[in-house]
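upload15.txt (compact mmCIF, C-alpha atoms)
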# COMPACT_ATOMS: atom_id res chain seq x y z
CA MET O 1 147.97 254.12 290.52
CA SER O 2 148.22 257.52 292.19
CA PHE O 3 146.29 260.43 290.68
CA LEU O 4 149.38 262.68 290.68
CA GLU O 5 152.81 261.15 290.17
CA LEU O 6 156.14 262.93 290.04
CA ARG O 7 158.94 260.57 289.10
CA LYS O 8 162.57 261.62 289.55
CA VAL O 9 161.66 265.22 288.75
CA SER O 10 164.47 267.79 288.63
CA LYS O 11 164.45 271.45 287.68
CA SER O 12 167.49 273.64 287.10
CA TYR O 13 167.77 277.28 286.16
CA GLY O 14 170.76 278.90 284.42
CA ASP O 15 173.81 277.29 282.85
CA GLY O 16 177.35 276.33 283.79
CA ALA O 17 178.66 277.91 286.98
CA ALA O 18 175.43 279.89 287.37
CA GLU O 19 173.27 276.76 287.26
CA VAL O 20 170.89 276.45 290.21
CA HIS O 21 169.20 273.14 291.02
CA ALA O 22 165.77 274.09 292.37
CA ILE O 23 164.62 270.50 292.84
CA GLN O 24 166.51 267.28 292.30
CA GLY O 25 165.19 263.75 291.77
CA VAL O 26 161.89 264.32 293.54
CA ASP O 27 159.39 261.45 293.72
CA LEU O 28 155.90 262.33 294.89
CA PHE O 29 152.73 260.24 294.70
CA VAL O 30 149.31 261.56 295.68
CA ASP O 31 146.21 259.37 295.64
CA ARG O 32 142.65 260.54 295.04
CA GLY O 33 141.22 261.90 298.26
CA ALA O 34 144.65 262.27 299.88
CA LEU O 35 146.13 265.47 301.28
CA VAL O 36 149.92 265.64 301.09
CA ALA O 37 151.89 268.53 302.58
CA VAL O 38 155.34 269.40 301.29
CA MET O 39 157.16 271.18 304.09
CA GLY O 40 160.41 273.07 303.81
CA PRO O 41 162.05 276.44 304.40
CA SER O 42 162.14 279.30 301.89
CA GLY O 43 164.29 278.36 298.93
CA SER O 44 163.89 274.62 299.44
CA GLY O 45 162.10 274.24 296.09
CA LYS O 46 158.50 273.91 297.34
CA SER O 47 156.92 276.39 294.96
CA THR O 48 158.88 275.04 291.99
CA LEU O 49 157.64 271.56 292.83
CA LEU O 50 154.05 272.82 292.92
CA THR O 51 154.23 274.71 289.63
CA ILE O 52 155.72 271.62 287.96
CA ALA O 53 153.00 269.40 289.47
CA GLY O 54 150.43 271.84 288.03
CA SER O 55 152.05 271.87 284.57
CA LEU O 56 152.72 275.60 284.90
CA GLU O 57 156.41 274.84 284.42
CA GLU O 58 158.35 272.07 282.62
CA PRO O 59 160.78 269.90 284.57
CA THR O 60 164.38 269.71 283.33
CA SER O 61 164.16 265.94 283.72
CA GLY O 62 161.77 263.35 285.11
CA GLU O 63 158.10 262.68 284.50
CA VAL O 64 154.84 264.13 285.77
CA LEU O 65 151.66 262.10 285.35
CA ILE O 66 148.08 263.06 286.11
CA ASP O 67 145.63 260.17 286.17
CA GLY O 68 148.22 258.12 284.30
CA ALA O 69 148.77 260.65 281.50
CA GLU O 70 152.27 262.06 281.02
CA PHE O 71 152.52 265.86 280.77
CA SER O 72 155.46 265.60 278.42
CA LYS O 73 153.37 263.70 275.85
CA MET O 74 150.49 266.19 275.89
CA SER O 75 149.94 268.93 273.33
CA ARG O 76 149.74 272.56 274.45
CA ASN O 77 145.98 272.47 274.05
CA ASP O 78 145.63 269.29 276.09
CA LYS O 79 147.69 270.83 278.87
CA ALA O 80 145.65 274.02 278.82
CA ARG O 81 142.45 271.95 279.02
CA LEU O 82 143.88 269.94 281.91
CA ARG O 83 144.73 273.16 283.78
CA ARG O 84 141.22 274.52 283.24
CA ARG O 85 139.24 271.38 284.00
CA THR O 86 141.25 269.17 286.33
CA ILE O 87 143.64 271.30 288.35
CA GLY O 88 142.73 273.99 290.86
CA TYR O 89 145.36 276.38 292.21
CA VAL O 90 145.32 278.34 295.46
CA PHE O 91 147.99 280.96 295.94
CA GLN O 92 149.17 282.73 299.08
CA ASP O 93 148.08 286.13 297.80
CA PHE O 94 144.69 284.84 296.55
CA ASN O 95 145.15 286.08 292.94
CA LEU O 96 141.51 287.17 292.59
CA LEU O 97 140.62 289.53 289.76
CA ALA O 98 139.75 292.90 291.32
CA GLY O 99 137.17 293.88 288.68
CA LEU O 100 135.04 290.76 289.14
CA THR O 101 132.69 289.86 291.99
CA ALA O 102 133.27 286.80 294.14
CA VAL O 103 130.90 284.62 292.09
CA GLU O 104 132.32 285.92 288.80
CA ASN O 105 135.84 285.04 290.00
CA VAL O 106 134.72 281.54 290.95
CA SER O 107 132.80 280.85 287.73
CA LEU O 108 135.45 282.32 285.41
CA PRO O 109 137.43 279.06 284.88
CA LEU O 110 134.20 277.32 283.79
CA GLU O 111 133.26 280.09 281.39
CA LEU O 112 136.77 280.00 279.91
CA ASP O 113 136.21 276.30 279.38
CA GLY O 114 133.08 276.93 277.31
CA VAL O 115 130.41 276.41 279.96
CA SER O 116 127.47 278.80 279.47
CA ALA O 117 127.50 281.89 281.68
CA LYS O 118 124.30 280.82 283.41
CA LYS O 119 125.53 277.31 284.23
CA ALA O 120 128.92 278.62 285.31
CA GLN O 121 127.23 281.16 287.58
CA MET O 122 125.12 278.40 289.15
CA ALA O 123 128.17 276.21 289.76
CA GLY O 124 129.99 279.23 291.22
CA MET O 125 127.11 279.93 293.60
CA THR O 126 127.08 276.27 294.71
CA ALA O 127 130.83 276.38 295.44
CA LEU O 128 130.46 279.64 297.39
CA ASP O 129 127.49 278.24 299.25
CA GLN O 130 129.53 275.20 300.36
CA LEU O 131 132.11 277.57 301.80
CA GLY O 132 129.55 279.73 303.62
CA LEU O 133 129.93 282.70 301.28
CA THR O 134 126.47 282.92 299.72
CA ASP O 135 125.85 286.40 301.06
CA ARG O 136 129.24 287.66 299.80
CA ALA O 137 128.78 286.41 296.21
CA THR O 138 128.21 289.84 294.68
CA HIS O 139 130.97 291.59 296.61
CA TYR O 140 134.22 292.61 294.95
CA PRO O 141 137.54 291.31 296.40
CA ASP O 142 138.34 294.64 298.08
CA GLU O 143 135.02 294.42 299.94
CA LEU O 144 135.98 291.06 301.46
CA SER O 145 138.18 290.23 304.45
CA GLY O 146 141.42 288.29 303.96
CA GLY O 147 139.76 285.07 305.16
CA GLU O 148 136.81 285.56 302.80
CA ARG O 149 139.11 286.28 299.85
CA GLN O 150 140.99 283.03 300.49
CA ARG O 151 137.73 281.09 300.74
CA VAL O 152 136.69 282.55 297.37
CA ALA O 153 140.07 281.45 295.97
CA ILE O 154 139.43 277.92 297.26
CA ALA O 155 135.92 277.93 295.80
CA ARG O 156 137.46 278.90 292.43
CA ALA O 157 140.02 276.09 292.76
CA VAL O 158 137.44 273.38 293.41
CA VAL O 159 134.54 274.58 291.22
CA GLY O 160 133.35 272.11 288.59
CA GLU O 161 134.85 268.66 288.45
CA ARG O 162 138.39 269.41 289.57
CA HIS O 163 140.37 266.41 290.74
CA LEU O 164 143.64 267.99 291.82
CA LEU O 165 144.06 270.92 294.20
CA LEU O 166 147.48 272.57 294.48
CA ALA O 167 147.92 275.18 297.20
CA ASP O 168 150.95 277.35 297.95
CA GLU O 169 150.93 278.53 301.59
CA PRO O 170 147.13 278.53 301.45
CA SER O 171 146.56 280.23 304.77
CA GLY O 172 149.01 282.97 303.80
CA ALA O 173 148.96 285.79 306.28
CA LEU O 174 145.63 284.74 307.79
CA ASP O 175 145.31 284.32 311.56
CA SER O 176 145.25 280.80 312.91
CA THR O 177 141.44 280.58 313.14
CA ASN O 178 140.99 281.57 309.50
CA GLY O 179 143.95 279.37 308.57
CA GLU O 180 142.21 276.43 310.20
CA ALA O 181 139.00 277.24 308.31
CA VAL O 182 140.95 277.20 305.04
CA MET O 183 142.47 273.81 305.86
CA ARG O 184 139.05 272.38 306.76
CA MET O 185 137.81 273.44 303.31
CA ILE O 186 140.74 271.81 301.57
CA LEU O 187 140.15 268.68 303.63
CA ALA O 188 136.45 268.72 302.67
CA ALA O 189 137.52 268.74 299.00
CA CYS O 190 139.74 265.72 299.73
CA HIS O 191 136.81 263.92 301.33
CA ARG O 192 134.99 264.41 298.01
CA GLY O 193 137.86 262.58 296.30
CA VAL O 194 140.08 265.50 295.27
CA ALA O 195 143.84 264.79 295.44
CA SER O 196 145.52 267.75 297.15
CA VAL O 197 149.04 269.04 297.66
CA ILE O 198 149.88 271.99 299.86
CA VAL O 199 153.35 273.44 300.17
CA THR O 200 154.18 275.30 303.34
CA HIS O 201 156.86 276.12 305.89
CA ASP O 202 154.19 276.00 308.63
CA ALA O 203 154.04 272.80 310.71
CA GLN O 204 150.51 273.56 311.96
CA LEU O 205 149.24 273.76 308.39
CA ALA O 206 151.20 270.67 307.35
CA SER O 207 149.77 268.71 310.27
CA TRP O 208 146.36 268.63 308.53
CA ALA O 209 147.85 266.39 305.85
CA ASP O 210 147.71 262.61 305.70
CA ARG O 211 151.41 262.64 304.86
CA VAL O 212 154.08 265.29 305.30
CA VAL O 213 157.04 265.24 302.92
CA PHE O 214 160.11 267.17 304.04
CA LEU O 215 161.99 269.07 301.34
CA ARG O 216 165.51 270.42 301.91
CA ASP O 217 167.70 272.01 299.24
CA GLY O 218 165.45 270.67 296.50
CA ARG O 219 165.49 267.06 297.72
CA VAL O 220 162.95 264.99 299.62
CA VAL O 221 164.83 264.07 302.80
CA ASP O 222 162.10 262.44 304.86
CA GLN O 223 158.38 261.93 305.31
CA THR O 224 156.00 261.17 308.14
CA MET O 225 154.81 257.65 308.83
CA PRO O 226 151.11 256.78 308.47
CA PRO O 227 149.44 257.75 311.75
CA PRO O 228 147.84 255.26 314.14
CA SER O 229 144.11 255.59 314.67
CA PRO O 230 143.03 258.57 316.82
CA GLU O 231 141.70 256.16 319.44
CA SER O 232 145.02 254.39 319.90
CA PHE O 233 146.80 257.73 320.05
CA LEU O 234 144.61 258.88 322.91
CA GLU O 235 145.02 255.59 324.73
CA GLU O 236 148.79 255.44 324.44
CA SER O 237 149.50 259.05 324.85
CA PRO O 238 150.13 261.58 326.53
CA GLN O 239 148.28 263.98 328.51
CA PRO O 240 149.44 267.41 327.53
CA SER O 241 151.56 269.06 330.13
CA PRO O 242 149.60 271.65 332.07
CA HIS O 243 152.10 274.45 332.44
CA ARG O 244 155.37 275.52 331.10
CA MET S 1 168.32 268.45 330.79
CA SER S 2 170.54 265.36 330.81
CA VAL S 3 173.90 266.25 332.35
CA ARG S 4 174.75 262.56 332.10
CA HIS S 5 174.49 262.50 328.31
CA ALA S 6 175.99 265.94 327.87
CA ILE S 7 179.09 264.66 329.69
CA LEU S 8 179.20 261.59 327.46
CA ALA S 9 179.03 263.90 324.43
CA LEU S 10 181.90 266.01 325.79
CA LEU S 11 183.99 262.87 326.31
CA SER S 12 183.23 261.56 322.82
CA ASP S 13 186.07 263.57 321.26
CA GLY S 14 188.71 262.58 323.83
CA PRO S 15 189.49 262.07 327.55
CA LYS S 16 188.93 265.01 329.92
CA TYR S 17 189.22 266.07 333.56
CA GLY S 18 186.20 266.96 335.69
CA LEU S 19 186.98 270.68 335.76
CA GLN S 20 187.52 270.72 332.02
CA LEU S 21 184.15 269.02 331.52
CA ARG S 22 182.41 271.70 333.57
CA GLN S 23 184.08 274.50 331.60
CA GLU S 24 183.30 272.90 328.25
CA PHE S 25 179.72 272.16 329.25
CA GLU S 26 179.13 275.79 330.21
CA SER S 27 180.82 277.25 327.13
CA GLY S 28 179.14 274.66 324.90
CA THR S 29 175.69 275.64 326.15
CA GLY S 30 176.17 279.37 325.62
CA GLU S 31 176.78 279.88 329.36
CA VAL S 32 173.08 279.50 329.93
CA TRP S 33 173.26 276.50 332.23
CA PRO S 34 175.77 276.76 335.09
CA LEU S 35 177.00 273.37 336.30
CA ASN S 36 178.22 272.64 339.81
CA ILE S 37 181.57 270.79 339.90
CA GLY S 38 180.13 268.46 342.54
CA GLN S 39 177.37 267.54 340.08
CA VAL S 40 179.99 266.75 337.45
CA TYR S 41 181.87 264.34 339.75
CA THR S 42 178.68 262.70 341.03
CA THR S 43 177.57 262.14 337.44
CA LEU S 44 180.98 260.81 336.45
CA GLN S 45 180.88 258.32 339.36
CA ARG S 46 177.47 257.09 338.22
CA LEU S 47 178.60 256.84 334.62
CA GLU S 48 181.66 254.85 335.78
CA ARG S 49 179.45 252.58 337.90
CA ASP S 50 177.28 251.93 334.82
CA GLY S 51 180.32 251.15 332.65
CA LEU S 52 179.78 254.13 330.35
CA VAL S 53 183.03 255.93 331.26
CA GLU S 54 186.34 254.82 332.77
CA SER S 55 188.80 256.82 334.84
CA ASP S 56 192.45 257.01 333.94
CA GLU S 57 195.07 256.49 336.63
CA PRO S 58 196.27 259.97 337.69
CA GLU S 59 199.88 260.75 337.00
CA GLN S 60 202.09 261.20 340.07
CA GLU S 61 202.38 264.97 339.87
CA SER S 62 198.75 265.59 338.75
CA PRO S 63 196.01 265.75 341.37
CA GLN S 64 193.35 265.47 338.65
CA LYS S 65 191.77 262.31 337.39
CA GLY S 66 190.92 262.02 333.68
CA PHE S 67 187.92 260.19 332.26
CA HIS S 68 187.26 258.58 328.89
CA ILE S 69 184.11 257.22 327.28
CA THR S 70 183.74 253.42 326.87
CA GLU S 71 182.24 251.57 323.91
CA ALA S 72 179.04 251.11 325.91
CA GLY S 73 179.08 254.86 326.60
CA GLU S 74 179.35 255.66 322.89
CA LYS S 75 176.44 253.34 322.17
CA GLU S 76 174.36 254.94 324.92
CA LEU S 77 175.19 258.41 323.56
CA SER S 78 174.30 257.45 320.01
CA THR S 79 170.96 255.99 321.12
CA TRP S 80 170.19 259.06 323.22
CA LEU S 81 170.97 261.51 320.41
CA THR S 82 168.47 259.92 318.06
CA THR S 83 165.76 258.98 320.57
CA PRO S 84 163.00 261.60 320.53
CA PRO S 85 162.39 262.97 324.01
CA ASP S 86 159.00 262.43 325.57
CA LEU S 87 157.45 265.70 324.49
CA THR S 88 154.06 264.72 325.78
CA SER S 89 155.33 266.11 329.06
CA PRO S 90 158.30 267.84 327.74
CA PRO S 91 161.53 269.01 329.08
CA ARG S 92 162.04 271.17 325.98
CA ASP S 93 165.61 271.78 327.11
CA GLU S 94 166.42 268.15 326.49
CA LEU S 95 165.98 268.63 322.78
CA VAL S 96 168.18 271.72 322.81
CA ILE S 97 170.88 269.77 324.61
CA LYS S 98 170.61 266.93 322.10
CA VAL S 99 171.17 269.31 319.22
CA LEU S 100 174.02 271.12 321.00
CA SER S 101 175.56 267.76 321.91
CA ALA S 102 175.19 266.46 318.35
CA LEU S 103 177.41 269.34 317.27
CA ARG S 104 180.22 267.96 319.36
CA VAL S 105 180.03 264.30 318.51
CA PRO S 106 182.40 263.33 315.69
CA GLY S 107 180.71 261.72 312.72
CA VAL S 108 177.18 262.84 313.67
CA ASP S 109 175.25 264.90 311.10
CA VAL S 110 173.42 267.47 313.21
CA HIS S 111 170.94 268.15 310.37
CA HIS S 112 169.99 264.47 310.39
CA VAL S 113 169.48 264.58 314.16
CA ILE S 114 167.32 267.70 313.75
CA GLN S 115 165.22 266.04 311.03
CA ILE S 116 164.55 262.96 313.19
CA HIS S 117 163.15 265.20 315.91
CA ARG S 118 161.29 267.43 313.43
CA ARG S 119 159.52 264.43 311.91
CA TYR S 120 158.57 263.07 315.32
CA LEU S 121 157.08 266.45 316.32
CA VAL S 122 155.13 266.85 313.07
CA GLU S 123 153.75 263.31 313.49
CA LEU S 124 152.58 264.26 316.98
CA MET S 125 150.98 267.40 315.54
CA GLN S 126 149.20 265.32 312.90
CA GLN S 127 147.70 263.23 315.68
CA TRP S 128 146.42 266.25 317.58
CA THR S 129 145.10 267.87 314.39
CA ARG S 130 143.28 264.68 313.45
CA LEU S 131 141.66 264.57 316.88
CA LYS S 132 140.78 268.24 316.61
CA GLU S 133 139.29 267.70 313.17
CA ASP S 134 137.01 265.02 314.63
CA GLU S 135 136.19 266.53 317.99
CA ALA S 136 136.53 270.30 317.87
CA ASP S 137 133.03 270.96 316.56
CA PHE S 138 131.56 269.16 319.56
CA ASP S 139 133.98 269.74 322.38
CA LEU S 140 135.33 273.24 322.92
CA THR S 141 137.51 272.26 325.87
CA PHE S 142 139.20 269.59 323.81
CA ALA S 143 139.75 272.04 320.94
CA LEU S 144 141.46 274.46 323.34
CA VAL S 145 143.71 271.74 324.76
CA ALA S 146 144.57 270.48 321.27
CA ASP S 147 145.39 274.05 320.18
CA ALA S 148 147.67 274.48 323.20
CA GLU S 149 149.53 271.28 322.35
CA LEU S 150 149.76 272.20 318.69
CA PHE S 151 151.20 275.62 319.45
CA ARG S 152 153.69 274.15 321.92
CA LEU S 153 154.86 271.51 319.44
CA ASP S 154 154.88 274.06 316.62
CA SER S 155 157.19 276.32 318.60
CA VAL S 156 159.66 273.45 318.98
CA VAL S 157 159.52 272.69 315.24
CA ARG S 158 160.14 276.36 314.53
CA TRP S 159 163.16 276.33 316.82
CA LEU S 160 164.50 273.24 314.99
CA ASP S 161 163.94 274.97 311.62
CA THR S 162 165.76 278.06 312.82
CA ALA S 163 168.62 275.99 314.29
CA ASP S 164 168.86 274.05 311.02
CA GLY S 165 169.10 277.26 308.98
CA ARG S 166 171.51 278.92 311.39
CA LEU S 167 173.84 275.90 311.39
CA LYS S 168 173.72 275.74 307.61
CA ARG S 169 174.67 279.41 307.31
CA ALA S 170 177.36 279.04 309.98
CA ALA S 171 178.94 276.16 308.05
CA LEU S 172 179.19 278.39 304.98
CA GLU S 173 180.52 281.40 306.86
CA PRO S 174 182.40 280.41 310.02
CA PRO S 175 181.99 283.20 312.59
CA VAL S 176 184.91 285.34 313.67
CA PRO S 177 185.68 284.44 317.31
CA PRO S 178 184.93 287.28 319.73
CA ALA S 179 187.87 289.21 321.15
CA MET S 180 186.78 288.44 324.69
CA PRO S 181 184.55 285.77 326.16
CA ARG S 182 180.82 286.40 326.08
CA LEU S 183 180.46 286.63 329.85
CA ALA S 184 183.29 289.19 330.08
CA ARG S 185 181.63 291.29 327.37
CA ARG S 186 178.37 291.28 329.32
CA LEU S 187 180.17 292.44 332.43
CA VAL S 188 181.96 295.23 330.56
CA ARG S 189 178.64 296.49 329.19
CA ARG S 190 177.27 296.74 332.69
I need this file expressed as structure tokens, please.
Amino acid sequence: MSFLELRKVSKSYGDGAAEVHAIQGVDLFVDRGALVAVMGPSGSGKSTLLTIAGSLEEPTSGEVLIDGAEFSKMSRNDKARLRRRTIGYVFQDFNLLAGLTAVENVSLPLELDGVSAKKAQMAGMTALDQLGLTDRATHYPDELSGGERQRVAIARAVVGERHLLLADEPSGALDSTNGEAVMRMILAACHRGVASVIVTHDAQLASWADRVVFLRDGRVVDQTMPPPSPESFLEESPQPSPHR
Amino acid sequence: MSVRHAILALLSDGPKYGLQLRQEFESGTGEVWPLNIGQVYTTLQRLERDGLVESDEPEQESPQKGFHITEAGEKELSTWLTTPPDLTSPPRDELVIKVLSALRVPGVDVHHVIQIHRRYLVELMQQWTRLKEDEADFDLTFALVADAELFRLDSVVRWLDTADGRLKRAALEPPVPPAMPRLARRLVRR
């Protein structure tokens, strides 16, 4: 059983002639420890898919299951608890609270979940430490670079015992070096058993995933095949062309 | 660039003369690739030798010889359109020609052709990224080479994405044909 399952999920907005089908009949299965990228152009339904997977939005039809539990059968409180404890979100524009320091931002979800301030602070420091941000813990978001802000956002998304990480264009406007650092952090979370989904239009970002699912006009049109081992790839392939 | 397959694509919607093939090839490729008429006839002879095209008997009064695609030619064309080019040492132009050719072949969904190539490229990128993930911390030279490959492949994916979007928009809003051919407009501007 996959940790995250979307079964025949559709989402429409509006009625009658004005009805817009954001996603239609999407199936998506993500195992623990797996990184799946959903790749598509603007307007293909990527962000809608992610918000539905994170229970931030209800599908018009279809089912979403986390660890075997159906969203549609959960109470509001259960869903809120799931969002606080199990799911971590990373957004393109970081969404950090300007009035809180880095460590306060990271520990906030735990405090909201009833963890004592001291324990939450310790967990926040551990998460920041894992991402190389120990010395930035007491800085406010506007005192951090774009790359540091995104690392704080990732620390917040994985703090505590989160099992599902959902990221919308996680490298945002970062340069490719910082973008790579962000993807390495998401991958590290996967290696700890976190199931992760990123949505992106960027093939370089998507190429970090175990599986890339292609979304067009709200439908899954294709996906990549499981890769051969790195060794066999190097043996069979290709020396890169020197000049062009 | 495969002139051979481009000619097969041009013949896929009906028989044509050599001169006509040259004109359609040039206009169909945005006048970017000029084609020598000698090259057209040499290619046609080879295609005929391989059983992929056949020549029609010229009519008495016509000095020109028409050519049509054979069943084997159609099969060859179909295979070529959906076979990813060897991008490990890439003629990037080959992919452009495949997409431009797909536009001309009746019954071929160009978006499907684009997706086949997009998936292949992303799979290649996954391989390089995986190697980079394993090696880059230890081997700077390898990381640089992997980056170069990733950026090259990424640029091709981005072109496919742009082509996909442009074709989708064009299908919704067919463009108004220009009053004069593109080349003539360029000359007037000068």
For this session: Could you list the residues in chain S lying within 8 Å of chain O, using all atoms listed in the file, and format the result as a PyMOL selection string?
Result: chain S and resi 88-90+115+119-120+122-123+125-127+129-131+133+145+149-151+154+157+161
Close residues, Arg49 in chain S itself excluded, 12 Å, all atoms listed in the file, min 6 positions apart in chain, as a PDB file with C-alpha atoms, in the coordinates of the input:
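Full text of around05.pdb as output:
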ATOM      1  CA  THR S  42     178.680 262.700 341.030  1.00  0.00           C
ATOM      2  CA  THR S  43     177.570 262.140 337.440  1.00  0.00           C
ATOM      3  CA  SER S  55     188.800 256.820 334.840  1.00  0.00           C
ATOM      4  CA  THR S  70     183.740 253.420 326.870  1.00  0.00           C
ATOM      5  CA  GLY S  73     179.080 254.860 326.600  1.00  0.00           C
TER       6      GLY S  73
END
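Pairwise distance (CA of Pro141 in chain O, CA of Thr126 in chain O) equals 18.4 Å.
Comparing S:Lys132, S:Arg152, S:Trp80, S:His111 by their smallest distance to Arg166 in chain S, the closest is S:His111 (using all atoms listed in the file).
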Seminar exercise, completed: Between O:Val115, O:Asn95, O:Ala195, O:Ser10, smallest distance to Arg151 in chain O by only C-alpha atoms belongs to O:Asn95
Exercise. With all atoms listed in the file as the basis for distance, which of S:Ser27, S:Val96, S:Ser78, S:Leu8 is at the shortest distance from Val53 in chain S?
Worked result: S:Leu8
For this session: Find the residues around Leu144 in chain O up to 12 Å (only C-alpha atoms counted), leave out those fewer than 4 positions away in its own chain, and share them as a list in words.
Result: Phe94, Leu96, Ala98, Thr101, Ala102, Leu133, Asp135, Arg136, Ala137, Thr138, His139, Tyr140, Glu148, Arg149, Gln150, Arg151, Val152 and Ala153 of chain O
Mind writing the picked residues with C-alpha atoms as a PDB file, keeping the file's coordinate frame?
ATOM      1  CA  PHE O  94     144.690 284.840 296.550  1.00  0.00           C
ATOM      2  CA  LEU O  96     141.510 287.170 292.590  1.00  0.00           C
ATOM      3  CA  ALA O  98     139.750 292.900 291.320  1.00  0.00           C
ATOM      4  CA  THR O 101     132.690 289.860 291.990  1.00  0.00           C
ATOM      5  CA  ALA O 102     133.270 286.800 294.140  1.00  0.00           C
ATOM      6  CA  LEU O 133     129.930 282.700 301.280  1.00  0.00           C
ATOM      7  CA  ASP O 135     125.850 286.400 301.060  1.00  0.00           C
ATOM      8  CA  ARG O 136     129.240 287.660 299.800  1.00  0.00           C
ATOM      9  CA  ALA O 137     128.780 286.410 296.210  1.00  0.00           C
ATOM     10  CA  THR O 138     128.210 289.840 294.680  1.00  0.00           C
ATOM     11  CA  HIS O 139     130.970 291.590 296.610  1.00  0.00           C
ATOM     12  CA  TYR O 140     134.220 292.610 294.950  1.00  0.00           C
ATOM     13  CA  GLU O 148     136.810 285.560 302.800  1.00  0.00           C
ATOM     14  CA  ARG O 149     139.110 286.280 299.850  1.00  0.00           C
ATOM     15  CA  GLN O 150     140.990 283.030 300.490  1.00  0.00           C
ATOM     16  CA  ARG O 151     137.730 281.090 300.740  1.00  0.00           C
ATOM     17  CA  VAL O 152     136.690 282.550 297.370  1.00  0.00           C
ATOM     18  CA  ALA O 153     140.070 281.450 295.970  1.00  0.00           C
TER      19      ALA O 153
END
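Proximity of O:Leu112, O:Leu49, O:Leu100, O:Ala127 to Ala80 in chain O, computed with all atoms listed in the file, is greatest for O:Leu112.
Atom pair CA of Ile69 in chain S / CA of Ser12 in chain S has a distance of 6.3 Å (rounded to one decimal).
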Residues within 9 Å of (135.6, 272.6, 295.5), counting all atoms listed in the file, listed as a CSV table (one decimal) with C-alpha atoms, in the coordinates of the input:
chain,number,residue,atom,x,y,z
O,88,GLY,CA,142.7,274.0,290.9
O,127,ALA,CA,130.8,276.4,295.4
O,128,LEU,CA,130.5,279.6,297.4
O,130,GLN,CA,129.5,275.2,300.4
O,131,LEU,CA,132.1,277.6,301.8
O,154,ILE,CA,139.4,277.9,297.3
O,155,ALA,CA,135.9,277.9,295.8
O,156,ARG,CA,137.5,278.9,292.4
O,157,ALA,CA,140.0,276.1,292.8
O,158,VAL,CA,137.4,273.4,293.4
O,159,VAL,CA,134.5,274.6,291.2
O,160,GLY,CA,133.4,272.1,288.6
O,161,GLU,CA,134.8,268.7,288.4
O,162,ARG,CA,138.4,269.4,289.6
O,165,LEU,CA,144.1,270.9,294.2
O,185,MET,CA,137.8,273.4,303.3
O,186,ILE,CA,140.7,271.8,301.6
O,188,ALA,CA,136.4,268.7,302.7
O,189,ALA,CA,137.5,268.7,299.0
O,192,ARG,CA,135.0,264.4,298.0
O,194,VAL,CA,140.1,265.5,295.3
